[in-house]
Amino acid sequence: MTTVEPGSFLTLHYRLSGPQGDVINTFGGKPATLSLGAGELSPAVEDRLIGLAEGAHDTFELPAGAAFGERNPDMVQWLARKELDSLGDPNERYAIGDVIQLPTPDGQGQFAAVVQAVRDDGALQLDFNHPLAGQPVTFEVELIGVL
């Protein structure tokens, strides 16, 4: 039987949830494909996959902060409306709780932030912490294929 090893290529369904419910859930939809060690899952979550056999369906509990680290107050920052406009649609309206995508500094990718506050001048207070940072996490996985 094929088991997960560092560097394995996986096809799987998975669910990451915290105290407020699901953050990511592929069950009932298209399965995810990823390469272990490529940074697509946190190292603590990837560690739970090592040694699992193809076809396994398991659930793991990770204590607060283990899956995505502790919340970092330095990752909550203000972004001026002028800067937002240069990155996207100047007519876009933002509300507390919105998740927005911003380009990485090198322009090669994107990262998400959650709107925490909106000032009268249009500036946004953004939280760049992972939504599950500092929280206990439940990780459920069904391994469909392992290469």
# chains A, B, ... in the order shown; residues from 1 in each chain; ligands from 1
call {"tool": "residues_around", "arguments": {"residues": "region 108-114 of chain A", "least_positions_apart": "2", "cutoff": "6 Å", "atoms": "only C-alpha atoms", "output": "PDB file with C-alpha atoms, in the first residue's frame"}}
result
ATOM      1  CA  GLY A  97     -15.119  41.142   7.186  1.00  0.00           C
ATOM      2  CA  ASP A  98     -14.363  41.250   3.445  1.00  0.00           C
ATOM      3  CA  VAL A  99     -11.462  39.078   2.338  1.00  0.00           C
ATOM      4  CA  ILE A 100      -9.375  40.824  -0.283  1.00  0.00           C
ATOM      5  CA  GLN A 101      -6.529  39.546  -2.446  1.00  0.00           C
ATOM      6  CA  LEU A 102      -3.397  41.669  -2.793  1.00  0.00           C
ATOM      7  CA  PRO A 103      -0.331  41.031  -4.955  1.00  0.00           C
ATOM      8  CA  THR A 104       2.887  39.870  -3.324  1.00  0.00           C
ATOM      9  CA  ASP A 106       7.376  40.561  -6.289  1.00  0.00           C
ATOM     10  CA  LEU A 126      -6.190  44.797   7.154  1.00  0.00           C
ATOM     11  CA  ASP A 127      -5.398  41.625   9.072  1.00  0.00           C
ATOM     12  CA  PHE A 128      -2.815  39.505   7.238  1.00  0.00           C
TER      13      PHE A 128
END
call {"tool": "residues_around", "arguments": {"residues": "Pro31 (chain A)", "least_positions_apart": "6", "cutoff": "7 Å", "atoms": "only C-alpha atoms", "output": "PyMOL selection string"}}
result
chain A and resi 11-13
call {"tool": "residues_around", "arguments": {"residues": "region 42-50 of chain A", "least_positions_apart": "4", "cutoff": "6 Å", "atoms": "only C-alpha atoms", "output": "list in words"}}
result
Val4, Glu5 and Ala67 of chain A
call {"tool": "residues_around", "arguments": {"residues": "Ala123 (chain A)", "least_positions_apart": "5", "cutoff": "8 Å", "atoms": "only C-alpha atoms", "output": "JSON, numbers by chain"}}
result
{"A": [78, 79, 80, 81, 118]}
call {"tool": "write_last_selection", "arguments": {"atoms": "N, CA and C atoms", "output": "JSON list (two decimals), in the first residue's frame"}}
result
[["chain", "number", "residue", "atom", "x", "y", "z"],
["A", 78, "TRP", "N", -2.65, 49.32, 8.38],
["A", 78, "TRP", "CA", -3.49, 50.22, 7.59],
["A", 78, "TRP", "C", -2.92, 50.34, 6.19],
["A", 79, "LEU", "N", -3.82, 50.36, 5.20],
["A", 79, "LEU", "CA", -3.44, 50.56, 3.81],
["A", 79, "LEU", "C", -4.26, 51.72, 3.28],
["A", 80, "ALA", "N", -3.58, 52.75, 2.78],
["A", 80, "ALA", "CA", -4.24, 53.97, 2.28],
["A", 80, "ALA", "C", -5.10, 53.66, 1.06],
["A", 81, "ARG", "N", -6.19, 54.40, 0.90],
["A", 81, "ARG", "CA", -7.08, 54.21, -0.24],
["A", 81, "ARG", "C", -6.34, 54.43, -1.56],
["A", 118, "VAL", "N", -12.75, 50.34, 8.28],
["A", 118, "VAL", "CA", -12.72, 51.22, 7.12],
["A", 118, "VAL", "C", -12.82, 52.65, 7.65]]
call {"tool": "atom_distance", "arguments": {"atom1": "CA of Gly29 (chain A)", "atom2": "CA of Glu54 (chain A)"}}
result
19.1 Å
call {"tool": "closest_residue", "arguments": {"among": "A:Thr138, A:Gln20, A:Thr26, A:Ser8", "to": "Ala64 (chain A)", "atoms": "only C-alpha atoms"}}
result
A:Thr138
call {"tool": "residues_around", "arguments": {"residues": "Gly65 (chain A)", "least_positions_apart": "5", "cutoff": "9 Å", "atoms": "only C-alpha atoms", "output": "PyMOL selection string"}}
result
chain A and resi 70-71+132-137
call {"tool": "atom_distance", "arguments": {"atom1": "CA of Glu61 (chain A)", "atom2": "CA of Thr33 (chain A)"}}
result
22.1 Å
call {"tool": "residues_around", "arguments": {"residues": "Leu34 (chain A)", "least_positions_apart": "2", "cutoff": "7 Å", "atoms": "only C-alpha atoms", "output": "PyMOL selection string"}}
result
chain A and resi 9-11+32+36+40
call {"tool": "write_last_selection", "arguments": {"atoms": "all heavy atoms", "output": "compact mmCIF listing (two decimals), in the first residue's frame"}}
result
# COMPACT_ATOMS: atom_id res chain seq x y z
N PHE A 9 3.14 13.58 -3.89
CA PHE A 9 2.12 14.34 -4.59
C PHE A 9 0.79 13.71 -4.20
O PHE A 9 0.62 12.49 -4.31
CB PHE A 9 2.36 14.27 -6.11
CG PHE A 9 1.45 15.16 -6.89
CD1 PHE A 9 1.65 16.53 -6.93
CD2 PHE A 9 0.37 14.63 -7.58
CE1 PHE A 9 0.81 17.35 -7.65
CE2 PHE A 9 -0.47 15.45 -8.30
CZ PHE A 9 -0.25 16.81 -8.34
N LEU A 10 -0.16 14.52 -3.72
CA LEU A 10 -1.40 13.99 -3.14
C LEU A 10 -2.63 14.52 -3.86
O LEU A 10 -2.68 15.67 -4.28
CB LEU A 10 -1.52 14.41 -1.68
CG LEU A 10 -0.33 14.13 -0.76
CD1 LEU A 10 -0.60 14.70 0.62
CD2 LEU A 10 -0.05 12.65 -0.69
N THR A 11 -3.64 13.66 -3.95
CA THR A 11 -4.99 14.05 -4.31
C THR A 11 -5.83 13.73 -3.09
O THR A 11 -5.79 12.59 -2.59
CB THR A 11 -5.49 13.29 -5.55
OG1 THR A 11 -4.62 13.55 -6.64
CG2 THR A 11 -6.90 13.72 -5.92
N ALA A 32 -8.56 18.39 -3.83
CA ALA A 32 -7.35 19.20 -3.98
C ALA A 32 -6.20 18.31 -4.43
O ALA A 32 -6.17 17.11 -4.14
CB ALA A 32 -7.01 19.85 -2.64
N LEU A 36 3.46 17.67 -1.11
CA LEU A 36 3.87 17.82 0.29
C LEU A 36 5.23 18.51 0.34
O LEU A 36 6.14 18.15 -0.39
CB LEU A 36 3.94 16.44 0.95
CG LEU A 36 3.56 16.39 2.41
CD1 LEU A 36 2.12 16.83 2.61
CD2 LEU A 36 3.74 14.98 2.94
N GLU A 40 1.88 24.44 0.59
CA GLU A 40 0.45 24.60 0.35
C GLU A 40 -0.37 24.35 1.61
O GLU A 40 -1.49 24.83 1.74
CB GLU A 40 0.00 23.69 -0.79
CG GLU A 40 0.67 24.07 -2.11
CD GLU A 40 0.46 23.05 -3.19
OE1 GLU A 40 -0.52 23.16 -3.92
OE2 GLU A 40 1.30 22.12 -3.28
call {"tool": "atom_distance", "arguments": {"atom1": "CA of Ile96 (chain A)", "atom2": "CA of Asp121 (chain A)"}}
result
14.9 Å
call {"tool": "select_by_dssp", "arguments": {"residues": "chain A", "states": "helix (DSSP H, G or I)", "output": "MDAnalysis selection string"}}
result
chainID A and resid 43:49 73:75 81:87
call {"tool": "write_last_selection", "arguments": {"atoms": "N, CA, C and O atoms", "output": "compact mmCIF listing (two decimals), in the first residue's frame"}}
result
# COMPACT_ATOMS: atom_id res chain seq x y z
N PRO A 43 3.26 23.32 7.92
CA PRO A 43 4.09 22.18 8.29
C PRO A 43 3.43 21.26 9.34
O PRO A 43 3.54 20.04 9.24
N ALA A 44 2.73 21.84 10.30
CA ALA A 44 2.08 21.03 11.33
C ALA A 44 0.98 20.15 10.73
O ALA A 44 0.80 19.00 11.15
N VAL A 45 0.27 20.68 9.75
CA VAL A 45 -0.78 19.90 9.08
C VAL A 45 -0.12 18.83 8.21
O VAL A 45 -0.53 17.66 8.21
N GLU A 46 0.92 19.20 7.46
CA GLU A 46 1.62 18.23 6.62
C GLU A 46 2.18 17.08 7.44
O GLU A 46 2.14 15.92 7.02
N ASP A 47 2.71 17.38 8.63
CA ASP A 47 3.26 16.33 9.50
C ASP A 47 2.23 15.26 9.82
O ASP A 47 2.57 14.08 9.97
N ARG A 48 0.95 15.65 9.92
CA ARG A 48 -0.11 14.69 10.23
C ARG A 48 -0.38 13.73 9.06
O ARG A 48 -0.94 12.67 9.25
N LEU A 49 0.02 14.15 7.85
CA LEU A 49 -0.20 13.31 6.68
C LEU A 49 0.86 12.23 6.49
O LEU A 49 0.59 11.18 5.91
N PRO A 73 0.22 40.73 16.14
CA PRO A 73 -0.39 42.06 16.01
C PRO A 73 0.30 42.92 14.95
O PRO A 73 -0.33 43.83 14.40
N ASP A 74 1.56 42.64 14.61
CA ASP A 74 2.25 43.40 13.57
C ASP A 74 1.69 43.12 12.18
O ASP A 74 2.01 43.84 11.22
N MET A 75 0.89 42.07 12.05
CA MET A 75 0.30 41.73 10.75
C MET A 75 -1.06 42.37 10.55
O MET A 75 -1.77 42.06 9.60
N ARG A 81 -6.19 54.40 0.90
CA ARG A 81 -7.08 54.21 -0.24
C ARG A 81 -6.34 54.43 -1.56
O ARG A 81 -6.57 53.72 -2.53
N LYS A 82 -5.44 55.39 -1.58
CA LYS A 82 -4.65 55.66 -2.79
C LYS A 82 -3.87 54.41 -3.22
O LYS A 82 -3.81 54.08 -4.40
N GLU A 83 -3.29 53.73 -2.24
CA GLU A 83 -2.54 52.49 -2.52
C GLU A 83 -3.48 51.38 -3.01
O GLU A 83 -3.17 50.67 -3.95
N LEU A 84 -4.64 51.26 -2.36
CA LEU A 84 -5.64 50.27 -2.80
C LEU A 84 -6.05 50.51 -4.25
O LEU A 84 -6.14 49.57 -5.04
N ASP A 85 -6.31 51.78 -4.58
CA ASP A 85 -6.74 52.13 -5.93
C ASP A 85 -5.70 51.76 -6.97
O ASP A 85 -6.03 51.34 -8.08
N SER A 86 -4.41 51.89 -6.61
CA SER A 86 -3.35 51.55 -7.55
C SER A 86 -3.23 50.04 -7.76
O SER A 86 -2.68 49.59 -8.76
N LEU A 87 -3.78 49.26 -6.83
CA LEU A 87 -3.70 47.80 -6.92
C LEU A 87 -4.93 47.17 -7.55
O LEU A 87 -4.93 45.98 -7.87
call {"tool": "closest_residue", "arguments": {"among": "A:Thr2, A:Asp120, A:Gln77, A:Gly28", "to": "Gly55 (chain A)", "atoms": "only C-alpha atoms"}}
result
A:Thr2
call {"tool": "select_by_dssp", "arguments": {"residues": "region 1-141 of chain A", "states": "strand (DSSP E)", "output": "JSON, numbers by chain"}}
result
{"A": [9, 10, 11, 12, 13, 14, 15, 16, 17, 18, 21, 22, 23, 24, 25, 32, 33, 34, 35, 57, 58, 59, 60, 61, 62, 76, 77, 78, 79, 99, 100, 101, 102, 103, 110, 111, 112, 113, 114, 115, 116, 117, 118, 124, 125, 126, 127, 137, 138, 139, 140, 141]}
call {"tool": "closest_residue", "arguments": {"among": "A:Ala66, A:Ile24, A:Val76, A:Leu143", "to": "Gly51 (chain A)", "atoms": "only C-alpha atoms"}}
result
A:Leu143
call {"tool": "closest_residue", "arguments": {"among": "A:Pro105, A:Gly122, A:Gly7, A:Gly37", "to": "Asn91 (chain A)", "atoms": "only C-alpha atoms"}}
result
A:Gly122
call {"tool": "closest_residue", "arguments": {"among": "A:Asp89, A:Gly107, A:Val115, A:Phe27", "to": "His57 (chain A)", "atoms": "only C-alpha atoms"}}
result
A:Phe27
call {"tool": "decode", "arguments": {"residues": "region 78-112 of chain A", "atoms": "N, CA, C and O atoms", "output": "CSV table (one decimal), in the first residue's frame"}}
result
chain,number,residue,atom,x,y,z
A,78,TRP,N,-2.6,49.3,8.4
A,78,TRP,CA,-3.5,50.2,7.6
A,78,TRP,C,-2.9,50.3,6.2
A,78,TRP,O,-1.7,50.4,6.0
A,79,LEU,N,-3.8,50.4,5.2
A,79,LEU,CA,-3.4,50.6,3.8
A,79,LEU,C,-4.3,51.7,3.3
A,79,LEU,O,-5.5,51.7,3.3
A,80,ALA,N,-3.6,52.7,2.8
A,80,ALA,CA,-4.2,54.0,2.3
A,80,ALA,C,-5.1,53.7,1.1
A,80,ALA,O,-4.8,52.8,0.2
A,81,ARG,N,-6.2,54.4,0.9
A,81,ARG,CA,-7.1,54.2,-0.2
A,81,ARG,C,-6.3,54.4,-1.6
A,81,ARG,O,-6.6,53.7,-2.5
A,82,LYS,N,-5.4,55.4,-1.6
A,82,LYS,CA,-4.6,55.7,-2.8
A,82,LYS,C,-3.9,54.4,-3.2
A,82,LYS,O,-3.8,54.1,-4.4
A,83,GLU,N,-3.3,53.7,-2.2
A,83,GLU,CA,-2.5,52.5,-2.5
A,83,GLU,C,-3.5,51.4,-3.0
A,83,GLU,O,-3.2,50.7,-4.0
A,84,LEU,N,-4.6,51.3,-2.4
A,84,LEU,CA,-5.6,50.3,-2.8
A,84,LEU,C,-6.1,50.5,-4.2
A,84,LEU,O,-6.1,49.6,-5.0
A,85,ASP,N,-6.3,51.8,-4.6
A,85,ASP,CA,-6.7,52.1,-5.9
A,85,ASP,C,-5.7,51.8,-7.0
A,85,ASP,O,-6.0,51.3,-8.1
A,86,SER,N,-4.4,51.9,-6.6
A,86,SER,CA,-3.3,51.6,-7.6
A,86,SER,C,-3.2,50.0,-7.8
A,86,SER,O,-2.7,49.6,-8.8
A,87,LEU,N,-3.8,49.3,-6.8
A,87,LEU,CA,-3.7,47.8,-6.9
A,87,LEU,C,-4.9,47.2,-7.6
A,87,LEU,O,-4.9,46.0,-7.9
A,88,GLY,N,-6.0,47.9,-7.7
A,88,GLY,CA,-7.2,47.3,-8.2
A,88,GLY,C,-8.2,48.4,-8.7
A,88,GLY,O,-7.9,49.5,-9.1
A,89,ASP,N,-9.5,48.1,-8.5
A,89,ASP,CA,-10.6,48.9,-9.0
A,89,ASP,C,-10.8,50.1,-8.1
A,89,ASP,O,-11.2,49.9,-6.9
A,90,PRO,N,-10.6,51.3,-8.5
A,90,PRO,CA,-10.8,52.5,-7.6
A,90,PRO,C,-12.3,52.6,-7.2
A,90,PRO,O,-12.5,53.4,-6.2
A,91,ASN,N,-13.2,52.0,-7.9
A,91,ASN,CA,-14.6,52.1,-7.5
A,91,ASN,C,-15.1,51.0,-6.5
A,91,ASN,O,-16.2,50.9,-6.1
A,92,GLU,N,-14.1,50.1,-6.2
A,92,GLU,CA,-14.5,49.0,-5.3
A,92,GLU,C,-14.8,49.6,-3.9
A,92,GLU,O,-14.2,50.5,-3.4
A,93,ARG,N,-15.8,49.0,-3.3
A,93,ARG,CA,-16.2,49.3,-1.9
A,93,ARG,C,-15.9,48.2,-1.0
A,93,ARG,O,-16.2,47.0,-1.4
A,94,TYR,N,-15.4,48.5,0.2
A,94,TYR,CA,-15.0,47.5,1.1
A,94,TYR,C,-15.8,47.6,2.4
A,94,TYR,O,-16.2,48.6,2.8
A,95,ALA,N,-16.0,46.4,3.0
A,95,ALA,CA,-16.8,46.3,4.3
A,95,ALA,C,-16.0,45.5,5.3
A,95,ALA,O,-15.2,44.6,4.9
A,96,ILE,N,-16.2,45.7,6.5
A,96,ILE,CA,-15.6,44.9,7.6
A,96,ILE,C,-15.9,43.4,7.3
A,96,ILE,O,-17.1,43.1,7.1
A,97,GLY,N,-14.9,42.6,7.4
A,97,GLY,CA,-15.1,41.1,7.2
A,97,GLY,C,-14.8,40.7,5.8
A,97,GLY,O,-14.6,39.5,5.5
A,98,ASP,N,-14.7,41.6,4.8
A,98,ASP,CA,-14.4,41.3,3.4
A,98,ASP,C,-13.0,40.6,3.4
A,98,ASP,O,-12.1,41.1,4.1
A,99,VAL,N,-12.8,39.6,2.6
A,99,VAL,CA,-11.5,39.1,2.3
A,99,VAL,C,-11.0,39.6,1.0
A,99,VAL,O,-11.7,39.5,0.0
A,100,ILE,N,-9.9,40.3,1.0
A,100,ILE,CA,-9.4,40.8,-0.3
A,100,ILE,C,-8.0,40.2,-0.6
A,100,ILE,O,-7.3,39.7,0.2
A,101,GLN,N,-7.8,40.1,-1.9
A,101,GLN,CA,-6.5,39.5,-2.4
A,101,GLN,C,-5.6,40.7,-2.9
A,101,GLN,O,-6.1,41.6,-3.6
A,102,LEU,N,-4.4,40.7,-2.4
A,102,LEU,CA,-3.4,41.7,-2.8
A,102,LEU,C,-2.2,41.0,-3.4
A,102,LEU,O,-1.9,39.8,-3.1
A,103,PRO,N,-1.5,41.6,-4.3
A,103,PRO,CA,-0.3,41.0,-5.0
A,103,PRO,C,0.8,41.0,-4.0
A,103,PRO,O,1.0,41.9,-3.1
A,104,THR,N,1.7,39.9,-4.1
A,104,THR,CA,2.9,39.9,-3.3
A,104,THR,C,3.8,41.0,-3.8
A,104,THR,O,3.7,41.4,-4.9
A,105,PRO,N,4.8,41.4,-3.0
A,105,PRO,CA,5.7,42.4,-3.4
A,105,PRO,C,6.4,42.2,-4.7
A,105,PRO,O,6.7,43.1,-5.5
A,106,ASP,N,6.7,40.9,-5.0
A,106,ASP,CA,7.4,40.6,-6.3
A,106,ASP,C,6.4,40.5,-7.5
A,106,ASP,O,6.8,40.2,-8.6
A,107,GLY,N,5.1,40.6,-7.2
A,107,GLY,CA,4.1,40.5,-8.3
A,107,GLY,C,3.8,39.1,-8.8
A,107,GLY,O,3.1,39.0,-9.8
A,108,GLN,N,4.5,38.1,-8.2
A,108,GLN,CA,4.3,36.8,-8.7
A,108,GLN,C,3.2,36.0,-8.2
A,108,GLN,O,2.8,34.9,-8.6
A,109,GLY,N,2.6,36.5,-7.1
A,109,GLY,CA,1.5,35.7,-6.5
A,109,GLY,C,0.5,36.7,-5.8
A,109,GLY,O,0.6,37.9,-6.0
A,110,GLN,N,-0.3,36.1,-4.9
A,110,GLN,CA,-1.3,36.9,-4.2
A,110,GLN,C,-1.3,36.4,-2.7
A,110,GLN,O,-1.0,35.2,-2.5
A,111,PHE,N,-1.8,37.2,-1.9
A,111,PHE,CA,-2.1,36.8,-0.5
A,111,PHE,C,-3.4,37.5,0.0
A,111,PHE,O,-3.8,38.5,-0.6
A,112,ALA,N,-4.0,36.9,1.0
A,112,ALA,CA,-5.3,37.4,1.4
A,112,ALA,C,-5.2,38.2,2.7
A,112,ALA,O,-4.2,38.0,3.5
